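Student: Enclosed is the structure file model.cif (mmCIF, C-alpha atoms, pLDDT in the B column; chains and numbers go by the auth columns).
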```
data_input
loop_
_atom_site.group_PDB
_atom_site.id
_atom_site.type_symbol
_atom_site.label_atom_id
_atom_site.label_comp_id
_atom_site.label_asym_id
_atom_site.label_seq_id
_atom_site.Cartn_x
_atom_site.Cartn_y
_atom_site.Cartn_z
_atom_site.B_iso_or_equiv
_atom_site.auth_seq_id
_atom_site.auth_asym_id
ATOM 1 C CA MET A 1 -12.267 9.412 -39.703 47.00 25 A
ATOM 2 C CA ASN A 2 -12.621 11.211 -36.343 52.00 26 A
ATOM 3 C CA ARG A 3 -15.759 9.223 -35.628 53.00 27 A
ATOM 4 C CA GLU A 4 -13.843 5.986 -36.254 52.00 28 A
ATOM 5 C CA LEU A 5 -11.089 7.101 -33.859 49.00 29 A
ATOM 6 C CA SER A 6 -13.681 8.045 -31.270 63.00 30 A
ATOM 7 C CA GLU A 7 -15.439 4.676 -31.551 65.00 31 A
ATOM 8 C CA SER A 8 -12.096 2.914 -31.359 61.00 32 A
ATOM 9 C CA ALA A 9 -11.195 4.822 -28.194 61.00 33 A
ATOM 10 C CA VAL A 10 -14.517 3.895 -26.622 63.00 34 A
ATOM 11 C CA LEU A 11 -13.969 0.223 -27.466 65.00 35 A
ATOM 12 C CA VAL A 12 -10.477 0.328 -25.941 62.00 36 A
ATOM 13 C CA GLU A 13 -11.886 1.956 -22.805 72.00 37 A
ATOM 14 C CA LEU A 14 -14.735 -0.552 -22.497 80.00 38 A
ATOM 15 C CA ASP A 15 -12.336 -3.460 -22.997 80.00 39 A
ATOM 16 C CA GLY A 16 -10.040 -2.009 -20.349 79.00 40 A
ATOM 17 C CA LEU A 17 -12.859 -1.610 -17.857 84.00 41 A
ATOM 18 C CA ARG A 18 -14.066 -5.177 -18.506 89.00 42 A
ATOM 19 C CA ARG A 19 -10.558 -6.521 -17.977 88.00 43 A
ATOM 20 C CA LEU A 20 -10.229 -4.386 -14.849 88.00 44 A
ATOM 21 C CA ARG A 21 -13.392 -5.896 -13.348 91.00 45 A
ATOM 22 C CA THR A 22 -12.199 -9.380 -14.304 92.00 46 A
ATOM 23 C CA ALA A 23 -8.835 -8.725 -12.608 93.00 47 A
ATOM 24 C CA GLU A 24 -10.592 -7.475 -9.463 92.00 48 A
ATOM 25 C CA GLY A 25 -12.630 -10.669 -9.340 94.00 49 A
ATOM 26 C CA CYS A 26 -9.530 -12.801 -9.807 92.00 50 A
ATOM 27 C CA ILE A 27 -7.793 -10.997 -6.942 94.00 51 A
ATOM 28 C CA GLU A 28 -10.820 -11.519 -4.690 93.00 52 A
ATOM 29 C CA LEU A 29 -10.618 -15.236 -5.484 95.00 53 A
ATOM 30 C CA GLY A 30 -6.864 -15.380 -4.847 95.00 54 A
ATOM 31 C CA MET A 31 -6.125 -15.958 -8.534 95.00 55 A
ATOM 32 C CA TYR A 32 -3.237 -13.505 -8.677 95.00 56 A
ATOM 33 C CA ALA A 33 -1.476 -14.758 -11.810 95.00 57 A
ATOM 34 C CA GLU A 34 -4.752 -14.655 -13.735 95.00 58 A
ATOM 35 C CA ALA A 35 -5.385 -11.117 -12.483 94.00 59 A
ATOM 36 C CA ASP A 36 -1.909 -10.069 -13.571 94.00 60 A
ATOM 37 C CA ALA A 37 -2.495 -11.567 -17.023 94.00 61 A
ATOM 38 C CA GLU A 38 -5.761 -9.601 -17.408 91.00 62 A
ATOM 39 C CA LEU A 39 -4.105 -6.404 -16.261 91.00 63 A
ATOM 40 C CA GLY A 40 -1.303 -6.925 -18.765 89.00 64 A
ATOM 41 C CA LYS A 41 -3.854 -6.888 -21.599 88.00 65 A
ATOM 42 C CA ILE A 42 -5.206 -3.443 -20.709 86.00 66 A
ATOM 43 C CA ASP A 43 -4.169 -0.694 -23.116 78.00 67 A
ATOM 44 C CA SER A 44 -1.856 1.861 -21.501 74.00 68 A
ATOM 45 C CA SER A 45 -4.180 4.660 -22.640 72.00 69 A
ATOM 46 C CA CYS A 46 -6.921 3.352 -20.353 70.00 70 A
ATOM 47 C CA PRO A 47 -8.253 6.252 -18.233 66.00 71 A
ATOM 48 C CA ALA A 48 -8.249 4.046 -15.113 68.00 72 A
ATOM 49 C CA LEU A 49 -4.484 3.471 -15.282 77.00 73 A
ATOM 50 C CA SER A 50 -3.869 4.305 -11.597 81.00 74 A
ATOM 51 C CA ARG A 51 -6.485 1.699 -10.661 85.00 75 A
ATOM 52 C CA VAL A 52 -4.763 -0.793 -12.953 87.00 76 A
ATOM 53 C CA LEU A 53 -1.447 -0.128 -11.216 88.00 77 A
ATOM 54 C CA ALA A 54 -3.025 -0.474 -7.773 90.00 78 A
ATOM 55 C CA LEU A 55 -4.413 -3.866 -8.797 93.00 79 A
ATOM 56 C CA LYS A 56 -0.998 -4.828 -10.154 93.00 80 A
ATOM 57 C CA LEU A 57 0.368 -4.155 -6.663 94.00 81 A
ATOM 58 C CA CYS A 58 -2.284 -6.471 -5.225 94.00 82 A
ATOM 59 C CA SER A 59 -1.511 -9.224 -7.703 96.00 83 A
ATOM 60 C CA TYR A 60 2.251 -8.922 -7.132 96.00 84 A
ATOM 61 C CA ALA A 61 1.692 -9.085 -3.374 95.00 85 A
ATOM 62 C CA GLY A 62 -0.447 -12.179 -3.800 96.00 86 A
ATOM 63 C CA MET A 63 2.266 -13.831 -5.871 96.00 87 A
ATOM 64 C CA ALA A 64 5.034 -12.646 -3.480 95.00 88 A
ATOM 65 C CA LYS A 65 6.764 -10.819 -6.346 96.00 89 A
ATOM 66 C CA TRP A 66 8.271 -8.249 -4.029 95.00 90 A
ATOM 67 C CA GLU A 67 10.786 -6.773 -6.493 95.00 91 A
ATOM 68 C CA LEU A 68 8.114 -6.099 -9.120 94.00 92 A
ATOM 69 C CA MET A 69 5.799 -4.722 -6.478 95.00 93 A
ATOM 70 C CA ALA A 70 8.549 -2.453 -5.143 96.00 94 A
ATOM 71 C CA ALA A 71 9.356 -1.140 -8.618 94.00 95 A
ATOM 72 C CA VAL A 72 5.723 -0.229 -9.379 93.00 96 A
ATOM 73 C CA ALA A 73 5.089 1.255 -5.925 95.00 97 A
ATOM 74 C CA GLU A 74 8.324 3.262 -5.993 95.00 98 A
ATOM 75 C CA ASN A 75 7.395 4.705 -9.370 91.00 99 A
ATOM 76 C CA LEU A 76 3.920 5.612 -8.125 92.00 100 A
ATOM 77 C CA ALA A 77 5.295 7.109 -4.890 94.00 101 A
ATOM 78 C CA LYS A 78 7.817 9.247 -6.738 92.00 102 A
ATOM 79 C CA HIS A 79 5.303 10.460 -9.336 89.00 103 A
ATOM 80 C CA ASN A 80 2.547 11.109 -6.809 90.00 104 A
ATOM 81 C CA PRO A 81 4.107 11.891 -3.427 91.00 105 A
ATOM 82 C CA ASN A 82 0.816 13.387 -2.224 93.00 106 A
ATOM 83 C CA ASP A 83 -0.740 9.921 -2.085 93.00 107 A
ATOM 84 C CA VAL A 84 0.839 8.407 1.007 95.00 108 A
ATOM 85 C CA GLN A 85 -0.553 4.962 0.230 94.00 109 A
ATOM 86 C CA TRP A 86 2.016 4.469 -2.553 95.00 110 A
ATOM 87 C CA ALA A 87 4.864 5.002 -0.077 96.00 111 A
ATOM 88 C CA ILE A 88 3.246 2.522 2.308 96.00 112 A
ATOM 89 C CA TRP A 89 2.958 -0.089 -0.450 96.00 113 A
ATOM 90 C CA TRP A 90 6.560 0.606 -1.466 97.00 114 A
ATOM 91 C CA ALA A 91 7.802 0.190 2.087 97.00 115 A
ATOM 92 C CA TYR A 92 5.762 -2.982 2.528 95.00 116 A
ATOM 93 C CA SER A 93 7.241 -4.598 -0.580 96.00 117 A
ATOM 94 C CA VAL A 94 10.771 -3.543 0.338 96.00 118 A
ATOM 95 C CA GLY A 95 10.259 -4.868 3.859 94.00 119 A
ATOM 96 C CA LYS A 96 9.174 -8.219 2.448 93.00 120 A
ATOM 97 C CA GLY A 97 11.811 -8.478 -0.261 83.00 121 A
ATOM 98 C CA GLN A 98 14.807 -6.672 1.176 81.00 122 A
ATOM 99 C CA ALA A 99 15.087 -5.312 4.698 92.00 123 A
ATOM 100 C CA ILE A 100 12.961 -3.727 7.390 94.00 124 A
ATOM 101 C CA GLU A 101 15.495 -0.890 7.774 95.00 125 A
ATOM 102 C CA ALA A 102 15.094 0.006 4.083 96.00 126 A
ATOM 103 C CA ALA A 103 11.301 -0.040 4.446 96.00 127 A
ATOM 104 C CA LYS A 104 11.533 2.166 7.515 96.00 128 A
ATOM 105 C CA ALA A 105 13.678 4.683 5.599 96.00 129 A
ATOM 106 C CA ILE A 106 10.988 4.966 2.896 97.00 130 A
ATOM 107 C CA LEU A 107 8.352 5.735 5.513 97.00 131 A
ATOM 108 C CA ILE A 108 10.548 8.254 7.312 97.00 132 A
ATOM 109 C CA ARG A 109 10.985 10.159 4.023 96.00 133 A
ATOM 110 C CA ALA A 110 7.215 10.064 3.466 97.00 134 A
ATOM 111 C CA LEU A 111 6.645 11.278 7.026 96.00 135 A
ATOM 112 C CA GLN A 112 8.637 14.422 6.222 95.00 136 A
ATOM 113 C CA ILE A 113 5.994 15.266 3.602 94.00 137 A
ATOM 114 C CA HIS A 114 3.012 13.973 5.616 96.00 138 A
ATOM 115 C CA PRO A 115 3.877 14.435 9.308 96.00 139 A
ATOM 116 C CA ASN A 116 0.270 14.031 10.436 97.00 140 A
ATOM 117 C CA ASP A 117 -0.699 10.918 8.540 97.00 141 A
ATOM 118 C CA PRO A 118 -1.747 8.242 11.044 98.00 142 A
ATOM 119 C CA ARG A 119 -1.098 5.428 8.554 97.00 143 A
ATOM 120 C CA LEU A 120 2.565 6.376 8.280 97.00 144 A
ATOM 121 C CA HIS A 121 2.974 6.542 12.056 97.00 145 A
ATOM 122 C CA TYR A 122 1.237 3.197 12.415 97.00 146 A
ATOM 123 C CA ALA A 123 3.387 1.520 9.749 97.00 147 A
ATOM 124 C CA LEU A 124 6.531 2.960 11.326 97.00 148 A
ATOM 125 C CA CYS A 125 5.369 1.636 14.687 96.00 149 A
ATOM 126 C CA CYS A 126 5.110 -1.860 13.213 95.00 150 A
ATOM 127 C CA TYR A 127 8.580 -1.714 11.671 95.00 151 A
ATOM 128 C CA GLU A 128 10.119 -0.305 14.846 96.00 152 A
ATOM 129 C CA SER A 129 8.484 -3.092 16.846 95.00 153 A
ATOM 130 C CA ARG A 130 9.814 -5.740 14.452 93.00 154 A
ATOM 131 C CA LEU A 131 13.269 -4.199 14.896 94.00 155 A
ATOM 132 C CA GLN A 132 12.694 -4.334 18.679 94.00 156 A
ATOM 133 C CA HIS A 133 12.937 -0.544 18.940 95.00 157 A
ATOM 134 C CA PHE A 134 9.999 -0.494 21.332 95.00 158 A
ATOM 135 C CA LYS A 135 10.446 3.070 22.595 96.00 159 A
ATOM 136 C CA MET A 136 10.203 4.440 19.043 96.00 160 A
ATOM 137 C CA ALA A 137 7.375 2.015 18.257 96.00 161 A
ATOM 138 C CA LYS A 138 5.352 3.339 21.196 95.00 162 A
ATOM 139 C CA ARG A 139 6.056 6.928 20.175 96.00 163 A
ATOM 140 C CA HIS A 140 4.781 6.343 16.621 97.00 164 A
ATOM 141 C CA LEU A 141 1.792 4.371 17.851 96.00 165 A
ATOM 142 C CA ALA A 142 0.841 7.069 20.346 95.00 166 A
ATOM 143 C CA ARG A 143 0.893 9.629 17.538 96.00 167 A
ATOM 144 C CA ALA A 144 -1.081 7.333 15.208 96.00 168 A
ATOM 145 C CA VAL A 145 -3.757 6.783 17.862 95.00 169 A
ATOM 146 C CA GLN A 146 -3.838 10.489 18.641 95.00 170 A
ATOM 147 C CA LEU A 147 -4.525 11.165 14.945 96.00 171 A
ATOM 148 C CA ASP A 148 -6.959 8.255 14.489 96.00 172 A
ATOM 149 C CA SER A 149 -8.280 6.583 17.634 94.00 173 A
ATOM 150 C CA ARG A 150 -9.494 3.547 15.641 95.00 174 A
ATOM 151 C CA LEU A 151 -5.878 2.445 15.268 95.00 175 A
ATOM 152 C CA LYS A 152 -5.759 1.438 18.925 94.00 176 A
ATOM 153 C CA LEU A 153 -8.088 -1.487 18.223 94.00 177 A
ATOM 154 C CA VAL A 154 -6.133 -2.363 15.086 95.00 178 A
ATOM 155 C CA ALA A 155 -2.907 -2.370 17.105 95.00 179 A
ATOM 156 C CA LEU A 156 -4.382 -4.688 19.724 94.00 180 A
ATOM 157 C CA ASN A 157 -4.911 -7.270 16.973 94.00 181 A
ATOM 158 C CA ASP A 158 -1.643 -6.762 15.092 95.00 182 A
ATOM 159 C CA GLU A 159 0.859 -9.587 15.655 93.00 183 A
ATOM 160 C CA ASP A 160 3.765 -7.228 14.910 90.00 184 A
ATOM 161 C CA LEU A 161 2.781 -5.271 18.003 94.00 185 A
ATOM 162 C CA GLN A 162 2.247 -8.173 20.392 93.00 186 A
ATOM 163 C CA PRO A 163 5.195 -7.090 22.599 92.00 187 A
ATOM 164 C CA LEU A 164 3.345 -3.803 23.161 91.00 188 A
ATOM 165 C CA TRP A 165 -0.197 -5.075 23.714 91.00 189 A
ATOM 166 C CA SER A 166 -0.248 -4.560 27.479 88.00 190 A
ATOM 167 C CA GLU A 167 0.916 -0.968 27.055 86.00 191 A
ATOM 168 C CA ILE A 168 -1.404 -0.247 24.124 86.00 192 A
ATOM 169 C CA GLU A 169 -4.440 -0.926 26.301 79.00 193 A
ATOM 170 C CA GLN A 170 -3.472 2.143 28.333 77.00 194 A
ATOM 171 C CA PHE A 171 -3.312 4.477 25.306 71.00 195 A
ATOM 172 C CA ASP A 172 -5.912 7.225 25.028 64.00 196 A
ATOM 173 C CA GLY A 173 -8.217 6.835 22.100 55.00 197 A
#
```
Before anything else, please render the file you have as structure tokens.

Tutor:
Amino acid sequence: MNRELSESAVLVELDGLRRLRTAEGCIELGMYAEADAELGKIDSSCPALSRVLALKLCSYAGMAKWELMAAVAENLAKHNPNDVQWAIWWAYSVGKGQAIEAAKAILIRALQIHPNDPRLHYALCCYESRLQHFKMAKRHLARAVQLDSRLKLVALNDEDLQPLWSEIEQFDG
């Protein structure tokens, strides 16, 4: 009996991994609904569940299903606050589906836990720039570049930061 359960668990895991790879391929091809359908067929006991949820975020983003994306990302951010990427995804989906101010508030809360994360400072810079709060945008960008100098080049190609491009060129980093 235990052997049958063990074999069954292995089959469920293998099926989940196959569906996961299929979903990844669909996302790469821009076939977001198909990816979402594959992900929906994966058993919830799959050991790669966090990867499944991350791919769900990608498929929801591709389909512009901001409310679903926000719900999944919020859940992930609240259950794993040490992974700052979930808060960034949550803010992104809220910014697309609701309001930039609400997205900014999510990132500010995350920044209290991760004050030295360059990704949070960079994302806040983008939202502040979109809100035309350029002084705060520059402050967050300066900190982001101080923490990760590669973000200067990213910023010089980011349309959200176009009003700051001439000043960004002068940043150290």

Student: Have a look at A:Leu188, A:Met55, A:Ala78, A:Leu92 and name the one nearest to A:Lys159; count only C-alpha atoms.

Tutor: A:Leu188

Student: Hey, could you make a per-residue contact list for stretch 52-151 of chain A against stretch 165-175 of chain A with 7 Å as the cut-off, showing the nearest pair of atoms and its distance in Å to one decimal, counting only C-alpha atoms, sorted by chain and number, as CSV?

Tutor:
```
residue,atom,partner,partner_atom,distance
A:Pro142,CA,A:Ala168,CA,4.3
A:Arg143,CA,A:Ala168,CA,6.9
A:His145,CA,A:Ala168,CA,5.2
A:Tyr146,CA,A:Ala168,CA,5.5
A:Cys149,CA,A:Leu165,CA,5.5
```

Student: For a test of reading the model, state the distance in Å between atom CA of A:Ser153 and atom CA of A:Pro187, rounded to one decimal.

Tutor: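 It comes out at 7.7 Å.
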
Student: When you draw a straight line from atom CA of A:Cys150 to atom CA of A:Ala115, how long is it in Å?

Tutor: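 Atom CA of A:Ala115 lies at a distance of 11.6 Å from atom CA of A:Cys150.
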
Student: I need the residue nearest A:Glu125 from this list: A:Gln156, A:Asn99, A:Asn106, A:Ser68. Use all atoms listed in the file for the distance.

Tutor: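 The answer is A:Gln156, which sits nearest to A:Glu125.
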
Student: With distances taken over only C-alpha atoms, which of A:Gly64, A:Trp90, A:Leu135, A:Gly121 is nearest to A:Pro105?

Tutor: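 The shortest atom-to-atom distance to A:Pro105 comes from A:Leu135.
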
Student: Just how far from atom CA of A:Ala94 is atom CA of A:Leu148, in Å to one decimal?

Tutor: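 A separation of 17.5 Å between them.
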
Student: Leaving out A:Gly119 and any residue of its chain fewer than 4 positions from it, which residues lie within 12 Å of it when counting all atoms listed in the file, given as a ChimeraX atom specification?

Tutor: /A:85,88,90-91,93-94,111-115,123-131,147-148,150-152,154-155

Student: Find the residue from A:Ser74, A:Ser117, A:Asn104, A:Gln109 that sits nearest to A:Met87; use all atoms listed in the file when measuring.

Tutor: A:Ser117
